[in-house]
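*Asks:* I am sharing data.txt, which consists of compact mmCIF, C-alpha atoms:
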# COMPACT_ATOMS: atom_id res chain seq x y z
CA MET A 1 73.71 -46.77 -72.05
CA LYS A 2 70.28 -48.28 -71.61
CA LYS A 3 67.98 -49.12 -74.48
CA ILE A 4 65.28 -46.61 -75.33
CA SER A 5 62.60 -49.02 -74.12
CA GLU A 6 64.26 -49.12 -70.66
CA MET A 7 64.88 -45.38 -70.54
CA PHE A 8 61.28 -44.53 -71.24
CA HIS A 9 59.63 -47.44 -69.43
CA LEU A 10 57.18 -46.58 -66.69
CA LYS A 11 54.73 -48.58 -64.58
CA ILE A 12 51.59 -47.30 -62.89
CA LYS A 13 49.85 -49.95 -60.82
CA ASN A 14 50.06 -52.99 -63.11
CA THR A 15 50.17 -51.06 -66.36
CA HIS A 16 53.36 -50.66 -68.35
CA PHE A 17 54.00 -47.63 -70.57
CA ASN A 18 56.69 -47.56 -73.24
CA SER A 19 56.73 -43.79 -73.59
CA PRO A 20 56.02 -40.93 -71.17
CA ILE A 21 54.00 -39.09 -73.81
CA ILE A 22 50.22 -39.38 -73.92
CA ALA A 23 47.86 -38.08 -76.60
CA ALA A 24 45.38 -35.90 -74.73
CA SER A 25 41.65 -36.42 -74.91
CA GLY A 26 39.83 -34.59 -77.67
CA THR A 27 42.97 -33.86 -79.66
CA PHE A 28 43.61 -37.27 -81.18
CA GLY A 29 40.13 -38.37 -82.19
CA TYR A 30 39.01 -41.68 -80.78
CA GLY A 31 42.59 -42.88 -81.28
CA ASN A 32 42.47 -44.96 -84.45
CA GLU A 33 41.87 -42.25 -87.07
CA ILE A 34 45.53 -41.99 -88.03
CA GLU A 35 46.17 -45.75 -87.94
CA GLY A 36 48.60 -46.91 -90.60
CA ALA A 37 50.30 -43.51 -90.83
CA ILE A 38 51.82 -43.18 -87.36
CA ASP A 39 54.21 -45.19 -85.16
CA TYR A 40 52.01 -45.93 -82.15
CA SER A 41 54.92 -47.40 -80.18
CA LYS A 42 56.14 -43.84 -79.55
CA ILE A 43 52.89 -42.94 -77.80
CA GLY A 44 52.64 -44.14 -74.20
CA CYS A 45 48.87 -43.97 -74.20
CA ILE A 46 45.99 -42.50 -76.15
CA ILE A 47 43.09 -40.95 -74.32
CA THR A 48 39.93 -41.05 -76.39
CA LYS A 49 37.51 -38.21 -76.97
CA SER A 50 35.19 -37.86 -73.99
CA ILE A 51 32.37 -40.39 -74.18
CA THR A 52 28.91 -39.63 -72.82
CA PHE A 53 26.03 -42.06 -72.40
CA GLU A 54 23.98 -40.54 -75.21
CA GLU A 55 25.33 -39.37 -78.57
CA ARG A 56 25.97 -35.60 -78.71
CA ILE A 57 26.46 -33.30 -81.70
CA GLY A 58 27.96 -30.58 -79.51
CA ASN A 59 27.70 -26.80 -79.76
CA LEU A 60 26.89 -24.77 -82.83
CA ASN A 61 29.57 -23.34 -85.09
CA PRO A 62 31.97 -21.57 -84.47
CA ARG A 63 33.31 -23.86 -81.79
CA ILE A 64 37.08 -23.82 -82.30
CA ILE A 65 39.13 -20.69 -82.88
CA GLU A 66 42.83 -20.00 -82.89
CA ALA A 67 43.51 -17.44 -80.17
CA GLY A 68 47.00 -16.00 -79.93
CA ASN A 69 49.51 -18.63 -78.95
CA GLY A 70 46.76 -21.07 -78.07
CA MET A 71 43.35 -22.33 -78.98
CA LEU A 72 39.85 -21.70 -77.68
CA ASN A 73 37.32 -24.46 -77.99
CA ALA A 74 33.73 -24.99 -77.01
CA ILE A 75 33.01 -28.19 -78.89
CA GLY A 76 30.43 -29.27 -76.33
CA LEU A 77 31.47 -32.92 -75.94
CA ALA A 78 30.45 -33.96 -79.44
CA ASN A 79 30.76 -37.75 -79.51
CA VAL A 80 29.05 -40.89 -80.75
CA GLY A 81 27.77 -42.06 -77.35
CA VAL A 82 28.84 -45.13 -75.42
CA GLU A 83 26.86 -47.71 -77.41
CA LYS A 84 28.32 -46.75 -80.81
CA PHE A 85 31.73 -46.25 -79.21
CA CYS A 86 31.78 -49.81 -77.89
CA LYS A 87 30.38 -51.24 -81.10
CA ASN A 88 32.30 -49.27 -83.73
CA LYS A 89 35.44 -47.83 -82.14
CA MET A 90 36.60 -50.22 -79.44
CA PRO A 91 37.30 -53.25 -81.67
CA SER A 92 39.96 -51.34 -83.62
CA LEU A 93 41.29 -49.57 -80.51
CA ASN A 94 41.76 -52.98 -78.90
CA LYS A 95 44.16 -53.89 -81.70
CA LEU A 96 46.38 -50.79 -81.42
CA PRO A 97 49.99 -51.49 -80.37
CA THR A 98 49.73 -49.04 -77.47
CA ASN A 99 47.65 -48.38 -74.38
CA TYR A 100 44.42 -46.50 -74.50
CA MET A 101 42.29 -44.92 -71.83
CA ILE A 102 38.69 -43.86 -72.17
CA SER A 103 37.67 -40.33 -71.29
CA VAL A 104 34.25 -40.24 -69.66
CA ALA A 105 31.94 -37.23 -69.34
CA GLY A 106 28.41 -36.61 -68.10
CA SER A 107 26.01 -34.06 -66.74
CA LYS A 108 25.03 -36.00 -63.62
CA LYS A 109 26.72 -38.65 -61.49
CA SER A 110 24.58 -41.43 -62.93
CA ASP A 111 25.75 -40.53 -66.47
CA TYR A 112 29.36 -41.28 -65.55
CA GLN A 113 28.31 -44.47 -63.78
CA ARG A 114 26.23 -45.69 -66.72
CA VAL A 115 29.08 -45.09 -69.20
CA ILE A 116 31.61 -46.98 -67.09
CA GLU A 117 29.16 -49.82 -66.34
CA TYR A 118 28.39 -50.17 -70.05
CA ILE A 119 32.06 -50.30 -71.00
CA GLU A 120 32.94 -52.68 -68.16
CA ASN A 121 30.17 -55.03 -69.30
CA THR A 122 31.39 -54.84 -72.91
CA GLY A 123 35.03 -55.48 -71.96
CA GLY A 124 38.05 -54.23 -73.86
CA ASN A 125 41.79 -53.78 -73.67
CA HIS A 126 41.65 -50.24 -72.34
CA ILE A 127 43.86 -49.64 -69.32
CA GLY A 128 41.48 -47.32 -67.53
CA TYR A 129 39.37 -44.20 -67.47
CA GLU A 130 40.07 -40.50 -67.39
CA ILE A 131 37.14 -38.67 -65.84
CA ASN A 132 36.36 -35.31 -67.39
CA VAL A 133 34.91 -33.34 -64.49
CA SER A 134 34.75 -29.99 -66.29
CA CYS A 135 31.10 -30.63 -67.11
CA PRO A 136 28.14 -28.78 -65.57
CA ASN A 137 26.26 -30.86 -62.99
CA VAL A 138 22.59 -30.37 -63.90
CA LYS A 139 21.43 -31.66 -60.51
CA LYS A 140 23.51 -29.04 -58.66
CA GLY A 141 22.41 -25.99 -60.63
CA GLY A 142 25.02 -26.31 -63.37
CA ILE A 143 28.09 -26.08 -61.12
CA GLU A 144 30.99 -28.07 -62.60
CA PHE A 145 31.79 -31.39 -60.91
CA GLY A 146 35.43 -30.38 -60.83
CA VAL A 147 35.13 -27.21 -58.76
CA ASN A 148 33.58 -28.64 -55.59
CA LYS A 149 35.57 -30.91 -53.29
CA GLU A 150 32.56 -32.80 -51.91
CA ILE A 151 30.95 -33.42 -55.32
CA LEU A 152 34.28 -34.49 -56.80
CA SER A 153 35.08 -36.80 -53.92
CA ASP A 154 31.64 -38.40 -54.06
CA LEU A 155 31.89 -38.93 -57.82
CA THR A 156 35.38 -40.43 -57.56
CA SER A 157 34.49 -42.90 -54.81
CA ASN A 158 31.37 -43.98 -56.70
CA LEU A 159 33.32 -44.61 -59.89
CA ARG A 160 36.10 -46.35 -57.96
CA ASP A 161 33.60 -49.02 -56.95
CA LEU A 162 32.80 -49.74 -60.60
CA THR A 163 36.23 -50.59 -61.97
CA ARG A 164 39.57 -52.09 -61.05
CA LYS A 165 41.23 -50.44 -64.04
CA LEU A 166 43.16 -47.17 -63.71
CA LEU A 167 41.00 -44.25 -62.65
CA PHE A 168 42.40 -40.81 -63.37
CA ILE A 169 40.54 -37.58 -62.67
CA LYS A 170 41.19 -34.69 -65.05
CA LEU A 171 41.25 -31.62 -62.83
CA SER A 172 39.90 -28.22 -63.78
CA PRO A 173 42.30 -25.31 -63.27
CA ASN A 174 39.39 -22.89 -62.81
CA VAL A 175 39.49 -23.17 -59.03
CA THR A 176 41.32 -21.40 -56.21
CA ASN A 177 43.12 -24.40 -54.71
CA ILE A 178 43.56 -27.18 -57.25
CA GLU A 179 45.79 -29.11 -54.85
CA GLU A 180 42.91 -29.54 -52.37
CA LEU A 181 40.79 -31.08 -55.11
CA ALA A 182 43.67 -33.38 -56.06
CA LEU A 183 43.95 -34.48 -52.43
CA ALA A 184 40.20 -35.11 -52.29
CA VAL A 185 40.29 -37.42 -55.32
CA GLN A 186 43.35 -39.21 -53.98
CA ASN A 187 41.53 -39.86 -50.71
CA ALA A 188 38.47 -41.02 -52.64
CA GLY A 189 40.46 -43.74 -54.38
CA ALA A 190 41.70 -42.30 -57.69
CA ASP A 191 44.87 -43.82 -59.11
CA GLY A 192 46.09 -40.48 -60.41
CA VAL A 193 45.18 -37.06 -61.71
CA SER A 194 45.51 -35.36 -65.07
CA ALA A 195 46.43 -31.74 -64.62
CA ILE A 196 45.21 -29.57 -66.11
CA ASN A 197 42.12 -29.16 -68.26
CA THR A 198 41.58 -25.89 -70.16
CA PHE A 199 41.18 -22.42 -68.66
CA ILE A 200 37.90 -20.63 -69.24
CA GLY A 201 38.42 -17.98 -71.90
CA MET A 202 36.60 -15.98 -74.53
CA ALA A 203 37.21 -13.90 -77.63
CA ILE A 204 35.31 -10.99 -79.13
CA ASP A 205 35.54 -8.99 -82.34
CA TYR A 206 36.65 -5.50 -81.31
CA LYS A 207 34.91 -3.90 -84.32
CA THR A 208 31.52 -5.58 -84.21
CA GLY A 209 31.27 -6.74 -80.59
CA GLN A 210 30.43 -10.23 -81.86
CA PHE A 211 31.57 -13.11 -79.66
CA SER A 212 33.90 -15.43 -81.51
CA LEU A 213 32.47 -18.68 -80.10
CA SER A 214 28.80 -19.59 -80.36
CA ASN A 215 28.97 -20.69 -76.72
CA ILE A 216 30.57 -17.32 -75.74
CA TYR A 217 32.98 -19.05 -73.32
CA GLY A 218 35.42 -21.76 -74.27
CA GLY A 219 38.46 -23.59 -72.96
CA LEU A 220 41.85 -22.03 -73.59
CA SER A 221 44.70 -24.45 -74.26
CA GLY A 222 48.08 -24.40 -75.95
CA PRO A 223 51.46 -22.75 -75.27
CA ALA A 224 49.77 -19.66 -73.81
CA ILE A 225 48.82 -21.57 -70.64
CA LYS A 226 52.09 -23.44 -70.02
CA PRO A 227 53.42 -21.34 -67.08
CA LEU A 228 50.00 -21.54 -65.38
CA ALA A 229 49.86 -25.30 -65.91
CA LEU A 230 53.37 -25.83 -64.53
CA ALA A 231 52.43 -23.98 -61.36
CA LYS A 232 49.28 -26.07 -60.89
CA VAL A 233 51.17 -29.35 -61.40
CA HIS A 234 53.85 -28.28 -58.94
CA LYS A 235 51.26 -27.37 -56.29
CA ILE A 236 49.55 -30.72 -56.72
CA TYR A 237 52.83 -32.65 -56.60
CA ASN A 238 53.68 -31.05 -53.26
CA LEU A 239 50.48 -32.37 -51.68
CA ILE A 240 49.65 -35.78 -53.16
CA ASN A 241 51.48 -39.04 -53.74
CA ILE A 242 49.60 -40.54 -56.69
CA PRO A 243 50.88 -40.10 -60.28
CA ILE A 244 50.19 -36.91 -62.21
CA PHE A 245 49.70 -36.70 -65.96
CA GLY A 246 50.99 -33.15 -66.50
CA MET A 247 49.69 -31.12 -69.37
CA GLY A 248 49.07 -27.62 -70.64
CA GLY A 249 50.79 -26.07 -73.62
CA ILE A 250 53.51 -28.63 -74.26
CA SER A 251 55.04 -27.71 -77.60
CA ASN A 252 58.51 -29.32 -77.58
CA TYR A 253 60.64 -31.86 -75.70
CA LYS A 254 61.96 -29.17 -73.32
CA ASP A 255 58.43 -28.53 -72.12
CA ILE A 256 58.04 -32.26 -71.45
CA ILE A 257 61.13 -32.26 -69.24
CA GLU A 258 59.87 -29.18 -67.39
CA PHE A 259 56.56 -30.92 -66.65
CA LEU A 260 58.40 -34.04 -65.43
CA ARG A 261 60.65 -31.98 -63.20
CA VAL A 262 57.75 -30.18 -61.49
CA GLY A 263 56.20 -33.51 -60.59
CA SER A 264 54.51 -35.22 -63.55
CA SER A 265 54.97 -38.94 -63.99
CA MET A 266 53.86 -38.70 -67.61
CA VAL A 267 52.78 -35.82 -69.85
CA GLN A 268 49.89 -35.25 -72.20
CA VAL A 269 50.25 -33.44 -75.50
CA GLY A 270 47.03 -31.79 -76.64
CA THR A 271 46.74 -28.65 -78.72
CA LEU A 272 49.95 -29.30 -80.66
CA ASN A 273 48.27 -32.39 -82.14
CA TYR A 274 46.13 -29.89 -84.03
CA ARG A 275 49.28 -28.38 -85.48
CA ASP A 276 50.55 -31.79 -86.56
CA PRO A 277 49.05 -35.17 -85.64
CA PHE A 278 52.53 -36.75 -85.89
CA ILE A 279 54.12 -34.31 -83.45
CA ILE A 280 54.28 -36.80 -80.55
CA CYS A 281 56.66 -38.98 -82.57
CA LYS A 282 58.94 -35.99 -83.08
CA PHE A 283 58.84 -35.19 -79.35
CA TYR A 284 59.68 -38.83 -78.59
CA ASP A 285 62.72 -38.74 -80.89
CA ASP A 286 63.89 -35.39 -79.48
CA LEU A 287 63.44 -36.67 -75.92
CA PHE A 288 65.48 -39.76 -76.72
CA LYS A 289 68.28 -37.67 -78.18
CA TYR A 290 68.26 -35.38 -75.13
CA SER A 291 68.31 -38.34 -72.72
CA LYS A 292 71.15 -39.97 -74.62
CA ASP A 293 73.22 -36.78 -74.82
CA ASN A 294 72.72 -36.11 -71.11
CA LYS A 295 73.22 -39.72 -70.04
CA ILE A 296 69.78 -40.00 -68.42
CA ASP A 297 69.21 -43.69 -67.70
CA SER A 298 65.56 -43.41 -66.83
CA LEU A 299 63.19 -40.54 -67.51
CA SER A 300 61.17 -41.42 -64.42
CA CYS A 301 64.14 -40.17 -62.35
CA LEU A 302 63.25 -36.67 -63.51
CA THR A 303 59.82 -36.69 -61.83
CA GLY A 304 59.94 -34.13 -59.05
CA ASP A 305 63.61 -33.40 -59.71
CA PHE A 306 63.54 -29.64 -59.11
CA LYS A 307 65.76 -27.41 -57.05
CA PRO A 308 64.23 -24.80 -54.78
CA MET B 1 63.13 -27.09 -83.06
CA PHE B 2 60.63 -26.32 -85.78
CA GLU B 3 61.29 -24.42 -88.90
CA THR B 4 58.52 -22.07 -89.90
CA LYS B 5 56.85 -23.61 -92.90
CA THR B 6 55.15 -21.77 -95.70
CA LYS B 7 51.40 -22.15 -95.97
CA ILE B 8 51.87 -24.29 -99.06
CA SER B 9 54.25 -26.65 -97.27
CA ILE B 10 51.85 -26.93 -94.31
CA ILE B 11 49.10 -27.95 -96.70
CA TRP B 12 51.51 -30.34 -98.46
CA SER B 13 52.37 -32.01 -95.15
CA MET B 14 48.68 -32.80 -94.72
CA ARG B 15 48.94 -35.38 -97.50
CA LYS B 16 49.93 -37.86 -94.77
CA TRP B 17 46.62 -37.35 -92.99
CA THR B 18 44.26 -40.26 -93.39
CA PHE B 19 40.72 -39.80 -94.68
CA LYS B 20 39.35 -40.87 -91.30
CA TYR B 21 41.48 -38.28 -89.55
CA ILE B 22 40.35 -35.47 -91.89
CA LYS B 23 36.76 -36.51 -91.33
CA TRP B 24 37.27 -36.37 -87.56
CA ARG B 25 38.91 -32.92 -87.76
CA LEU B 26 35.99 -31.60 -89.78
CA THR B 27 33.40 -33.12 -87.47
CA THR B 28 35.22 -31.60 -84.52
CA ALA B 29 35.33 -28.15 -86.05
CA TYR B 30 31.82 -28.15 -87.49
CA PRO B 31 28.72 -29.88 -86.09
CA ASN B 32 27.79 -31.29 -89.51
CA GLY B 33 31.29 -31.95 -90.85
CA TRP B 34 31.60 -32.17 -94.63
CA LYS B 35 28.14 -30.70 -95.19
CA PHE B 36 29.22 -27.45 -93.59
CA ILE B 37 32.03 -27.00 -96.10
CA ILE B 38 29.70 -27.55 -99.01
CA LEU B 39 27.14 -25.13 -97.61
CA HIS B 40 29.64 -22.50 -96.42
CA PRO B 41 32.78 -22.70 -98.60
CA PHE B 42 33.86 -19.10 -97.91
CA ILE B 43 33.71 -19.56 -94.14
CA PHE B 44 35.73 -22.75 -94.55
CA ILE B 45 38.41 -20.99 -96.64
CA LYS B 46 38.58 -18.18 -94.07
CA ASP B 47 38.95 -20.77 -91.26
CA ILE B 48 41.70 -22.59 -93.15
CA TRP B 49 43.53 -19.29 -93.62
CA HIS B 50 43.33 -18.59 -89.87
CA TYR B 51 44.52 -22.12 -89.16
CA LEU B 52 47.53 -21.79 -91.46
CA ASN B 53 48.49 -18.47 -89.82
CA TRP B 54 48.19 -20.13 -86.42
CA CYS B 55 50.41 -23.03 -87.52
CA GLN B 56 53.06 -20.56 -88.64
CA MET B 57 52.82 -18.70 -85.35
CA ILE B 58 53.26 -21.93 -83.36
CA ASP B 59 56.27 -22.82 -85.53
CA GLU B 60 57.73 -19.35 -85.07
CA GLU B 61 57.42 -19.62 -81.27
CA ASN B 62 59.17 -22.98 -81.36
CA LYS B 63 62.10 -22.00 -83.51
Do you think you could lay out the structure here as structure tokens?
*Replies:*
Amino acid sequence: MKKISEMFHLKIKNTHFNSPIIAASGTFGYGNEIEGAIDYSKIGCIITKSITFEERIGNLNPRIIEAGNGMLNAIGLANVGVEKFCKNKMPSLNKLPTNYMISVAGSKKSDYQRVIEYIENTGGNHIGYEINVSCPNVKKGGIEFGVNKEILSDLTSNLRDLTRKLLFIKLSPNVTNIEELALAVQNAGADGVSAINTFIGMAIDYKTGQFSLSNIYGGLSGPAIKPLALAKVHKIYNLINIPIFGMGGISNYKDIIEFLRVGSSMVQVGTLNYRDPFIICKFYDDLFKYSKDNKIDSLSCLTGDFKP
Amino acid sequence: MFETKTKISIIWSMRKWTFKYIKWRLTTAYPNGWKFIILHPFIFIKDIWHYLNWCQMIDEENK
């Protein structure tokens, strides 16, 4: 029987991961908030909150609500901005005993470019960037970057020129053919895709007619979207050959294996971090027990291991 | 996989949360973080109640 470090080891480009489980952007703070209380070696990578060029306070309250077996959020990219992030957050993130990736957001192409340029000039131990393309493009009438193949391809190739670190594009599921968008970013030079971001949703009070979120619409995440997310990951896997970070409603180790089997190289845990910020460690332990009991030498063997 | 916890035990498990993490959770939920709780304690209590119910529902689904 192999050691746990060998069973869970994974390499993407030149980056080594000691666990297939990633803490999803926006659900684990900037990454260092729980330092001292959690075993970071059980987390393959932490993806920070999305960073924009300017500081943002986000949308008005209410901006998170529990909705059935999931969560609706319209936080509005609240974050400290790239300057404060580099100055106040990165020094402690650089010392964490795990990988971290920086999520980048913007409202025009130049915003994304400026954030990455600023971070590249500052330096840091981050392994790469996850590009949040579920943001309205103000120069294209508010259409999201992530729903148009040409815009997405152009953005990806521009960002590719700015960094040699990993470049992952977080795809929006609110499109007809997500696999075509995945193919477009692969052809534009992305190292991988994160699939999927949240589904557009809303909630309303049936008695008063009052919308539950101040922004009216929000992103639905959590166990409610898992079957939809699995289908999207599977469709993408059938068309592209770069790694996929699968995500969407993972709430136990069985879900992780399902996402691996439909084509994910690694998985991201998001909403369940709101239930318990230590949950990834539990998933890691459960996954180890499952692998041991079923004599699985390497979890990476499970990627794409499905039967028609 | 989970056992459904009582609301008290969910709150008790939060003792492991660091101050920085609590601050981040509050800032994420409310634009002005701590200040919102001081200004709107009843809304905060109502939100916590919803959150605890949601935690129990997630646990129940994962039994």
*Asks:* For a quick test of understanding: name the residues of chain A lying within 9 Å of chain B when counting only C-alpha atoms, and present them as an MDAnalysis selection string.
*Replies:* chainID A and resid 26 28:30 32:37 57:70 75 78 223 251:252 272 274:277
*Asks:* Provide the CA of Pro20 in chain A to CA of Pro308 in chain A distance in Å, to one decimal place.
*Replies:*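 Distance between the two atoms: 24.4 Å.
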*Asks:* Quote the spacing between CA of Asn88 in chain A and CA of Ile12 in chain A in Å to one decimal place.
*Replies:*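 These two atoms are separated by 28.5 Å.
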*Asks:* Between A:Glu117, A:Ile257, A:Lys207, A:Val267, which residue has the minimum interatomic distance to Asp161 in chain A, considering only C-alpha atoms?
*Replies:*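 Looking at the shortest contact to Asp161 in chain A, the residue is A:Glu117.
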*Asks:* Do you have the CA of Ile21 in chain A-CA of Gly218 in chain A distance handy?
*Replies:*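 Separating CA of Ile21 in chain A from CA of Gly218 in chain A is a distance of 25.4 Å.
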*Asks:* Which one of A:Leu72, A:Met202, A:Leu155, A:Val193 sits closest to Gly222 in chain A if you count all atoms listed in the file?
*Replies:*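 The answer is A:Leu72, which sits nearest to Gly222 in chain A.
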*Asks:* May I have the residues within 10 Å of Lys42 in chain A as a list in words, using all atoms listed in the file and disregarding those fewer than 4 positions away in the same chain?
*Replies:*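 Here the qualifying residues turn out to be Ser5, Phe8, Phe17, Asn18, Ser19, Pro20, Ile21, Ile22, Ile38, Pro97, Thr98, Ile280, Cys281, Lys282, Phe283, Tyr284 and Asp285 of chain A.
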*Asks:* Complete the atom set of range 82-93 of chain A to N, CA and C atoms and return it as a compact mmCIF listing (two decimals), in the frame of the given file.
*Replies:*
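part-v2.txt was written with the following content:
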# COMPACT_ATOMS: atom_id res chain seq x y z
N VAL A 82 28.11 -43.94 -75.86
CA VAL A 82 28.84 -45.13 -75.42
C VAL A 82 28.49 -46.38 -76.24
N GLU A 83 27.26 -46.49 -76.68
CA GLU A 83 26.86 -47.71 -77.41
C GLU A 83 27.63 -47.83 -78.73
N LYS A 84 27.60 -46.72 -79.52
CA LYS A 84 28.32 -46.75 -80.81
C LYS A 84 29.82 -46.83 -80.58
N PHE A 85 30.30 -46.20 -79.50
CA PHE A 85 31.73 -46.25 -79.21
C PHE A 85 32.17 -47.70 -79.00
N CYS A 86 31.41 -48.41 -78.17
CA CYS A 86 31.78 -49.81 -77.89
C CYS A 86 31.66 -50.69 -79.13
N LYS A 87 30.65 -50.40 -79.93
CA LYS A 87 30.38 -51.24 -81.10
C LYS A 87 31.35 -50.93 -82.27
N ASN A 88 31.56 -49.64 -82.53
CA ASN A 88 32.30 -49.27 -83.73
C ASN A 88 33.76 -48.87 -83.51
N LYS A 89 34.08 -48.35 -82.35
CA LYS A 89 35.44 -47.83 -82.14
C LYS A 89 36.33 -48.79 -81.35
N MET A 90 35.76 -49.40 -80.32
CA MET A 90 36.60 -50.22 -79.44
C MET A 90 37.27 -51.41 -80.13
N PRO A 91 36.60 -52.11 -81.05
CA PRO A 91 37.30 -53.25 -81.67
C PRO A 91 38.62 -52.87 -82.32
N SER A 92 38.68 -51.72 -83.00
CA SER A 92 39.96 -51.34 -83.62
C SER A 92 40.92 -50.75 -82.59
N LEU A 93 40.40 -50.08 -81.57
CA LEU A 93 41.29 -49.57 -80.51
C LEU A 93 41.96 -50.72 -79.77
